[in-house]
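Colleague: The structure is given below, and queries will be raised subsequently.
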Amino acid sequence: MNFLSRLKDLKAYKTETTPCKVRLSSNESPFDLSEELKEKISQKIKEINFQKYPDPTVRELKEIIADFIRETEKVDISADNLVLGNGSDELIHLLISVVGEISQPIIYPVPTFPMYQVSADVIGRPKVEFFLNSSFDINLSDLEMALYENPQLALFASPNNPTGNSFNPEAIKLTIDKGIFTVVDEAYIHFSDKKSFIEYALNTDNVVVLRTMSKIGLASIRLGYLIAKKEVAQLLDKARMPFNITYPTQVIAKTVLTDGRKEILSQIDFVKSERDRVLSQLKRIQKLKVYPSDANFYLIKVPDADKVHKMLIEKGVLVRNMSHLPKMENCLRVSIGKSEENDTFLKSIEEVIKDF
Ligand SMILES: Cc1ncc(COP(=O)(O)O)c(C=O)c1O
């Protein structure tokens, strides 16, 4: 086992698996695809030649993603600006593996999405972590201090997971202006009204934006994409695993982003308006602190997170207990569900909180 000693202390990615009727713990979309769309997908799946490798360039799907972005964000983007990954997790790992020198650190604020730490630890790359302030934003002075360590890659999840807020864009611009390769992970941007960094990614050598289909209805197929200048995308694509986007994934994503586009967009609208409804109801409950959210989930602070988390499970509601993370004492992260699931959560938390 000595061969694997480097992995002994690895803090691996963990997820909530407790079975519960109402699951609001993984920031997935609350909606499955419609039967009509599933029918269309089934037809196309039947046409797959299963013995064959998929299109290695994923050209058609890239063109459809570019069209989706052009329609929804009115930017000038083409298939050449995209690199696709088996989830954006794969792209995060790729970036941490190939940008700059492996011996030189990456930098990111904490608390944030744990895969930055996991990926860096897996490949043995040094990390510079600095704390977010009490509003979970970045203090420019803290960032500037951390930059003395000379990181070569900066990662910002904005909107951030698990805090739900977007970062001060000036902080992100600071690393860009200093010439550090900057990744803006926009996994939750569809739920935010803040400005995306997509224009930067399309026009600047040292900026890329990451997106994912996981939060907008397709977590099952594992599809993420990176947006960059054509030359940057071309280079990064060289380091991608061959055939990393399976044939079924390509077929499903193409169908959903064409025939199902309206369906997906209206679900995003629903999640945003439901989030605003739930947050305003939660604010009425005493003993709860509710944090603002630009995402499809939100963060609350409760009197005793471990206890509240357990009591919610007893009521059949699963949320994510974040209280083990630094700066997240007594915080729970809750995904937006269907209206009735959110109502069940609201009723349950109100009942549970009464006992404190
Ligand atoms: C900020 C952030 N980035 C990336 C991901 C990974 O997304 P994917 O499912 O595409 O790997 C997540 C998933 O929760 C996330 O929260």
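Each chain in the structure tokens gets a letter, A, B and so on, in the order shown; residues start at 1 in every chain, and ligands are counted from 1 in the order they appear.
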Which residues in range 130-352 of chain A does DSSP call alpha helix (DSSP H)? List them as an MDAnalysis selection string.

Modeller: chainID A and resid 140:146 169:177 198:203 230:238 247:258 261:282 305:314 339:352

Colleague: Report as JSON, numbers by chain which protein, DNA and RNA residues come within 8 Å of ligand 1, using only C-alpha atoms and all ligand atoms.

Modeller: {"A": [26, 27, 85, 86, 87, 88, 89, 90, 92, 112, 113, 115, 157, 158, 159, 160, 161, 162, 185, 186, 187, 188, 210, 211, 212, 213, 214, 215, 219, 222, 223, 224, 225]}

Colleague: Keeping only C-alpha atoms, take the residues you just selected and write them out as a PDB file, in the first residue's frame.

Modeller:
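Contents of the output file result.pdb:
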ATOM      1  CA  SER A  26     -27.262  18.509  -4.392  1.00  0.00           C
ATOM      2  CA  ASN A  27     -28.224  21.686  -6.238  1.00  0.00           C
ATOM      3  CA  GLY A  85     -15.778  18.041 -20.316  1.00  0.00           C
ATOM      4  CA  ASN A  86     -17.279  15.090 -18.519  1.00  0.00           C
ATOM      5  CA  GLY A  87     -18.872  17.538 -16.111  1.00  0.00           C
ATOM      6  CA  SER A  88     -17.082  20.784 -15.369  1.00  0.00           C
ATOM      7  CA  ASP A  89     -15.246  18.745 -12.728  1.00  0.00           C
ATOM      8  CA  GLU A  90     -13.163  17.250 -15.519  1.00  0.00           C
ATOM      9  CA  ILE A  92     -11.365  21.923 -13.413  1.00  0.00           C
ATOM     10  CA  THR A 112     -15.796  27.281  -2.036  1.00  0.00           C
ATOM     11  CA  PHE A 113     -16.417  24.303  -4.302  1.00  0.00           C
ATOM     12  CA  MET A 115     -13.070  20.065  -6.181  1.00  0.00           C
ATOM     13  CA  ALA A 157     -16.742  30.181  -8.340  1.00  0.00           C
ATOM     14  CA  SER A 158     -19.113  33.087  -8.876  1.00  0.00           C
ATOM     15  CA  PRO A 159     -21.907  32.607  -7.839  1.00  0.00           C
ATOM     16  CA  ASN A 160     -20.053  30.685  -5.187  1.00  0.00           C
ATOM     17  CA  ASN A 161     -20.925  27.281  -3.809  1.00  0.00           C
ATOM     18  CA  PRO A 162     -21.713  26.800  -0.898  1.00  0.00           C
ATOM     19  CA  ASP A 185     -16.553  29.047 -12.592  1.00  0.00           C
ATOM     20  CA  GLU A 186     -20.082  30.106 -13.550  1.00  0.00           C
ATOM     21  CA  ALA A 187     -21.855  26.846 -12.699  1.00  0.00           C
ATOM     22  CA  TYR A 188     -24.778  28.875 -11.266  1.00  0.00           C
ATOM     23  CA  LEU A 210     -16.672  27.319 -16.879  1.00  0.00           C
ATOM     24  CA  ARG A 211     -20.291  26.316 -17.222  1.00  0.00           C
ATOM     25  CA  THR A 212     -22.232  23.109 -16.630  1.00  0.00           C
ATOM     26  CA  MET A 213     -25.449  21.448 -17.729  1.00  0.00           C
ATOM     27  CA  SER A 214     -25.724  19.855 -14.278  1.00  0.00           C
ATOM     28  CA  LYS A 215     -27.660  22.662 -12.634  1.00  0.00           C
ATOM     29  CA  ALA A 219     -26.739  16.375 -14.019  1.00  0.00           C
ATOM     30  CA  ARG A 222     -22.136  14.793 -17.013  1.00  0.00           C
ATOM     31  CA  LEU A 223     -21.529  17.663 -19.398  1.00  0.00           C
ATOM     32  CA  GLY A 224     -19.590  20.816 -18.672  1.00  0.00           C
ATOM     33  CA  TYR A 225     -18.032  23.351 -20.995  1.00  0.00           C
TER      34      TYR A 225
END

Colleague: Which of these residues is nearest to Gln104 in chain A, using only C-alpha atoms: A:Val128, A:Leu7, A:Val118, A:Val83?

Modeller: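 Residue with the minimum atom-to-atom distance to Gln104 in chain A: A:Val128.
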
Colleague: Tell me which protein, DNA and RNA residues are within 7 Å of range 262-270 of chain A, counting only C-alpha atoms, leaving out same-chain ones fewer than 5 positions away, and put them as a list of chain:residue names.

Modeller: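 Surrounding residues, per the criterion: A:Phe191, A:Ile216, A:Gly217.
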
Colleague: Within 9 Å of range 310-330 of chain A, which residues of range 107-201 of chain A come that close, and what is the closest atom pair and distance in Å for each? Count only C-alpha atoms and give it as a tab-separated table.

Modeller:
residue	atom	partner	partner_atom	distance
A:Val110	CA	A:Pro326	CA	8.0
A:Pro111	CA	A:Pro326	CA	6.9
A:Phe131	CA	A:Lys327	CA	8.1
A:Leu132	CA	A:Lys327	CA	8.3
A:Asn133	CA	A:Lys327	CA	8.9
A:Ser134	CA	A:Lys327	CA	8.1
A:Phe136	CA	A:Lys327	CA	8.8
A:Pro162	CA	A:Met322	CA	7.9
A:Thr163	CA	A:Met328	CA	8.8

Colleague: Going by DSSP on the backbone, which bits of range 137-241 of chain A are strand (DSSP E or B)? Write them as a PyMOL selection string, please.

Modeller: chain A and resi 153-157+181-185+207-212+224-227
